[in-house]
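Q: Below is the structure I would like to discuss, written out as C-alpha cells.
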Amino acid sequence: MTQIELRGVQKFFGAVQVIKDLNLRIEDNEFIVLLGQSGCGKTTTLRAIAGLETIDEGDILIDGQAVQHLKCSDRDIAMVFQSFSLYPHMTVYENIAFPLRATRMNRADTDSAVREVAKVLRITELLDRRPSALSGGDMQRVAIGRALVRRPKAMLMDEPIGALDAKLREEMRAEIKRLHIKQGSTTIYVTHDQIEAMSLADRIVIMHEGVLQQVGSPEEVYAHPANLFVAQFVGSPVMNIASATVAEEKGKAAVTVEGAPQGFAFPQQLLGSLNGSAGRKLSLGVRPEGLVVAHEAADGFLPAEAHIIEPLGSYDIVDLKFGEQMLRARTRSGFVAKPGDRVFARIDPAQAHFFDTESGQSLGVRL
Amino acid sequence: MATAVMTTLDPKSGAASRGMSDIAIRNLFIIPTILFLIVFNIFPLIYSLGYSFTDFRASSPAAANFVGLQNYRELLNDPFIWSNFAITAKYVIVSVVGQVVVGFGVALLLNRTIPFKGLITTLLLLPMMLSMAVVGLFWKLLYDPSFGIINHVLGLGTFEWLSNPDMALYAVAITDIWMWSPFVMLLSLAGLSAVPKHLYEAAAIDRAGTLYTFFRITLPLVAPILMIAIIFRTMEAFKTFDLAYILTSQPTTEVISIRLYKMAFQEWQTGRSCALAYIVLIMILAITNIYVKYLNKVKER
C-alpha cells in the first residue's frame, strides 16, 4: 500500500530549472509512466523520488510522509537503472541477495527470497553466473529481481529497457507488464518511447521542459491530447497539425486548412463549441487514421493528390496534398497505387482536435 | 609471427624515403636494446649463477674452486642469515601494510570533488620523486634526537629513533611509508575513479550502509589495481638497501640486501654472496607468483 505524492516540486541545476512546479499523485499499485524527450526532467523527477537527487522546493510524500530530506536508504524504494548497474564482481545470486544482506537479513530467509524472485523472473539457472556472462535481457531481469526481492514500497524504473535491441525490448515490455500484474506494486517508469508508455501505463505523465503537460490513461492521452506538444509526441506516425479557419457553409461548419482550396465538412455543433474562441488562431490536429480516403468523389470528400507512399506492411502512410497543404493519411496497404494518383478524403470529425495556435492548448472540442 | 604483430611502415615517412624497410627499422631499435640487456643483465645473471657454486673471492688472485651446493647449504643453515630474513620480512610487512593503509586512505579522501584536487595530488606525489639517498639523509636529520623536528613536534624530548635497536627498523619503515604511500595512493585513485558512480547509487538504493558499501563494492572493485601496487611495493621493500643503509647501522635493521652487500663487498665472499643473491631472487619470484595468482583470480570476472 503505497501512495506517492509530489507537491510543488522545483529543481534547479545551476540557473537551469529542470522541474517546474510539479504536482502529481500516484495511487497504490498504479503503473505510472513518465514520458518525455530527453532533458525534459523526467529522469530527474524519478531520481528525486528515489533520493538520488535533492529538490529545491516542494514536498515529496510517500504514504503521506514528507521524505525529501531522507536518504534513499530510508525511503524504502527500489530502482532499476538504464545501465542495469549490476555489481560486476558478484554472481547473479549475490546481486539479488545484496539488498537483503545489506540489511542483515538472516541466511535462510535471504536464500528463499532470492530463489523465489529468480523463479518468478525465470533466471534460476543463471544464479551462479556473473553479470558479464549474461545477455542484455537477462541482465535486466537480474536488475529487476534485485529491486523486487526486498518487496519495496515502490519500484522506480529509469528507461529499464532502453539499452536493449528492438525485439528484446518488446519481449521485456511484456514481461514487465506481466510482473506488474502478478506482483502488483506502485511503479514509476521513465521512458522516452511513447509506445512503451502506451502499452505499460495505467496513467501516463507527459513532461516537456520540466513542465507537466498532461496526466491521463493511455487512451485519454491519445484521444484527447491536452496541447499541441502532447498531440505530436504521442502516437506514431505523428498527428497532422495545420492552421485552420472555421466558417459556416450551408448550415454546416467548414474547416479550411491553410493552403487548401476548400474546407472539410464538419457538423454544425463545431461552431457552437468554438464560439468562445472566436477570432483566435486555430490549429487543426488530426491523426493519419482520422483521414478517410476514397477513390470516388462523394459528399464531403475533398480531392487530393498522393505525394509519397510509405508502405509499412499492415498499412500504408500516404502524404496527401490538398492544394498547398500536406496531410498524412493511413490507408489499407496498396490502397493508393502510386504517387500522383488522385484520391478523395475527408476528416472524421470525432478524431479531429482543435488547438489554440498561440498557447498550444486544446480547445476541448469533442464531436 | 613477428611480422604479424608489427605495423607496417608509413610509406610517406622519412625512414621509408631513405629506403629502409620495416625489418631494418625493427633491427635498428630492438637489437641495441637486446644487446644492452644481454651484456648488463643476462650475462652477469648467468655468470653469477656459475660463481655461486664456487668459493671465488674477487679480492684474491686465487682461482675459483668448484664447491657444488656447499654455499647454498651453509647459507640456508646459517641462523644469522635467517635472522636477516626475519628482519626483512618484518620490514616488508610493516612498510607495505603502512603504505597501503596510508595510500589507500588518502586516495579515498581525494576521490571526490574538492577544490585544487589536481594540485593537492601533485604535491602529495613529491616524496616519490626524490632520490632514496636524499630521503635517507633528510630523515636522518628529522629523526635526530637532539635537534630533529620530529621529536620537537611530538614532544618526545631526546627519543632515539635510529640508535634504539627496537625502534630503528620502524623508523626506516616510517620513512619508506612516507616516501611510497603516494605510489599506492596514485594507483588506488585510478582504481577508485574507475568504479562507476551508478554502482554507488544502486548500493544506496539497496539500503547498503557506508561500511557495507566500502567492503562489498569499493574494495573488491579496486582490488585488482591495489594488488598491482602491493606487488610492486613488496618487491621493492624486499630488496630495500639504500634507505636502511643510510639511516642506520643497527644490527636490527640489517635487512637481507645489506647482509648481501656486506658479504660481497666488505667480506669479499663473492661466491657465497652470489648464492645468497640467488636465494633472494627465488624468494621474490615465489612471493610475486602468489600475488599474481591471486591477481588473475580477481581479474577473472
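Each chain in the C-alpha cells gets a letter, A, B, ..., in the order shown, and its residues are numbered from 1; ligands are numbered from 1 in order too.
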Show me which bits of chain A are within 6 Å of chain B, counting only C-alpha atoms, as a list of chain:residue names.
A: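 Residues of chain A within 6 Å of chain B, counting only C-alpha atoms: A:Cys72, A:Ser73, A:Ser85, A:Pro99, A:Ala102.
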Q: For the residues in that selection, give me C-alpha atoms as a compact mmCIF listing (two decimals), in the first residue's frame.
A:
```
# COMPACT_ATOMS: atom_id res chain seq x y z
CA CYS A 72 17.43 6.99 -0.28
CA SER A 73 18.08 4.10 2.10
CA SER A 85 24.06 -1.26 -12.51
CA PRO A 99 19.75 -5.63 -0.69
CA ALA A 102 22.90 -5.20 3.30
```
Q: To test your reading of the structure, identify every residue in segment 133-292 of chain A that backbone DSSP assigns to alpha helix (DSSP H), and report it as an NGL selection string.
A: :A and (136-148 or 166-183 or 194-200 or 218-223 or 228-233 or 269-274)
Q: My list of candidates is A:Gly58, A:Gln351, A:Ser362, A:Met90. Which is closest to Phe229 of chain A when distances are computed with only C-alpha atoms?
A: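 Checking each of A:Gly58, A:Gln351, A:Ser362, A:Met90 against Phe229 of chain A, counting only C-alpha atoms, the winner is A:Ser362.
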Q: What's the 6 Å shell around segment 138-144 of chain B, counting only C-alpha atoms, without same-chain residues fewer than 5 positions away, as a ChimeraX atom specification?
A: /B:149-150,247
Q: Any chance you can output those residues with C-alpha atoms as a compact mmCIF listing (two decimals), in the first residue's frame?
A:
```
# COMPACT_ATOMS: atom_id res chain seq x y z
CA ILE B 149 61.98 18.27 14.15
CA ILE B 150 60.06 15.04 14.76
CA LEU B 247 69.58 5.84 8.01
```
Q: Looking at A:Leu320, A:Ile188, A:Leu168, A:Val114, which one is nearest to Val343 of chain A, with distances taken over only C-alpha atoms?
A: A:Leu320
Q: Would you list the contacts of segment 60-75 of chain B as a PyMOL selection string, taking every protein, DNA or RNA residue within 8 Å and counting only C-alpha atoms, but skipping same-chain residues closer than 6 positions in sequence?
A: chain B and resi 52-54+81+271-272+275-276
Q: Name all residues at most 9 Å from Val33 of chain A (count only C-alpha atoms; drop same-chain ones fewer than 4 positions away) and give them as a PDB file with N, CA and C atoms, in the first residue's frame.
A:
```pdb
ATOM      1  N   THR A 187       4.478   1.567  -9.223  1.00  0.00           N
ATOM      2  CA  THR A 187       5.631   1.615 -10.109  1.00  0.00           C
ATOM      3  C   THR A 187       5.671   2.947 -10.852  1.00  0.00           C
ATOM      4  N   ILE A 188       6.847   3.532 -10.871  1.00  0.00           N
ATOM      5  CA  ILE A 188       7.048   4.724 -11.709  1.00  0.00           C
ATOM      6  C   ILE A 188       8.108   4.379 -12.735  1.00  0.00           C
ATOM      7  N   TYR A 189       7.766   4.577 -13.984  1.00  0.00           N
ATOM      8  CA  TYR A 189       8.591   4.100 -15.080  1.00  0.00           C
ATOM      9  C   TYR A 189       8.887   5.293 -15.970  1.00  0.00           C
ATOM     10  N   VAL A 190      10.173   5.477 -16.275  1.00  0.00           N
ATOM     11  CA  VAL A 190      10.549   6.621 -17.118  1.00  0.00           C
ATOM     12  C   VAL A 190      10.924   6.124 -18.503  1.00  0.00           C
ATOM     13  N   THR A 191      10.412   6.775 -19.522  1.00  0.00           N
ATOM     14  CA  THR A 191      10.810   6.399 -20.877  1.00  0.00           C
ATOM     15  C   THR A 191      10.619   7.577 -21.821  1.00  0.00           C
ATOM     16  N   GLU A 196       6.151   2.299 -25.559  1.00  0.00           N
ATOM     17  CA  GLU A 196       6.350   1.677 -24.257  1.00  0.00           C
ATOM     18  C   GLU A 196       5.367   2.262 -23.244  1.00  0.00           C
ATOM     19  N   ALA A 197       5.249   3.574 -23.268  1.00  0.00           N
ATOM     20  CA  ALA A 197       4.367   4.244 -22.318  1.00  0.00           C
ATOM     21  C   ALA A 197       2.928   3.791 -22.517  1.00  0.00           C
ATOM     22  N   MET A 198       2.491   3.785 -23.769  1.00  0.00           N
ATOM     23  CA  MET A 198       1.104   3.414 -24.062  1.00  0.00           C
ATOM     24  C   MET A 198       0.821   1.986 -23.610  1.00  0.00           C
ATOM     25  N   LEU A 200       2.336   0.081 -21.342  1.00  0.00           N
ATOM     26  CA  LEU A 200       2.542  -0.313 -19.953  1.00  0.00           C
ATOM     27  C   LEU A 200       1.670   0.437 -18.948  1.00  0.00           C
ATOM     28  N   ALA A 201       1.390   1.686 -19.252  1.00  0.00           N
ATOM     29  CA  ALA A 201       0.930   2.570 -18.181  1.00  0.00           C
ATOM     30  C   ALA A 201      -0.530   2.387 -17.809  1.00  0.00           C
ATOM     31  N   ASP A 202      -0.811   2.588 -16.509  1.00  0.00           N
ATOM     32  CA  ASP A 202      -2.175   2.855 -16.093  1.00  0.00           C
ATOM     33  C   ASP A 202      -2.475   4.315 -16.400  1.00  0.00           C
ATOM     34  N   ARG A 203      -1.498   5.141 -16.017  1.00  0.00           N
ATOM     35  CA  ARG A 203      -1.606   6.552 -16.384  1.00  0.00           C
ATOM     36  C   ARG A 203      -0.262   7.030 -16.914  1.00  0.00           C
ATOM     37  N   ILE A 204      -0.334   7.882 -17.914  1.00  0.00           N
ATOM     38  CA  ILE A 204       0.890   8.448 -18.487  1.00  0.00           C
ATOM     39  C   ILE A 204       1.022   9.889 -18.009  1.00  0.00           C
ATOM     40  N   VAL A 205       2.241  10.243 -17.637  1.00  0.00           N
ATOM     41  CA  VAL A 205       2.524  11.623 -17.257  1.00  0.00           C
ATOM     42  C   VAL A 205       3.468  12.169 -18.312  1.00  0.00           C
ATOM     43  N   ILE A 206       3.009  13.140 -19.063  1.00  0.00           N
ATOM     44  CA  ILE A 206       3.862  13.669 -20.131  1.00  0.00           C
ATOM     45  C   ILE A 206       4.500  14.962 -19.671  1.00  0.00           C
TER      46      ILE A 206
END
```
Q: Which of these, B:Val184, B:Val195, B:Leu123, B:Leu49, has the shortest distance to Ser273 of chain B once you count only C-alpha atoms?
A: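 Closest to Ser273 of chain B, using only C-alpha atoms: B:Leu49.
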Q: What separation in Å, quoted to one decimal, exists between atom CA of Gly14 of chain A and atom CA of Gln82 of chain A?
A: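 One can read the atom CA of Gly14 of chain A to atom CA of Gln82 of chain A distance as 25.0 Å.
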Q: Need to verify the contact set: Phe84 of chain A, 8 Å, only C-alpha atoms, exclusion of same-chain residues closer than 5 positions in sequence. Can you return it as number ranges by chain?
A: A: 139-140, 143, 160
Q: Could you tell me how far atom CA of Val9 of chain A sits from atom CA of Asp21 of chain A, in Å to one decimal place?
A: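 Computing the Euclidean distance for atom CA of Asp21 of chain A and atom CA of Val9 of chain A yields 5.0 Å.
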Q: With a distance cut-off of 12 Å and only C-alpha atoms, select the neighbouring residues of Met167 of chain B, excluding the residue or stretch itself and same-chain residues fewer than 2 positions from it, and output the selection as a list in words.
A: Tyr91, Tyr143, Phe159, Glu160, Trp161, Leu162, Ser163, Asn164, Pro165, Leu169, Tyr170, Ala171, Val172, Ala173, Ile174, Thr248, Gln250, Pro251, Thr252 and Thr253 of chain B
Q: I'd like to know which of B:Leu186, B:Val134, B:Gly148, B:Val102 is closest to Ile120 of chain B, using only C-alpha atoms.
A: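 Looking only at the distances to Ile120 of chain B, the closest residue turns out to be B:Leu186.
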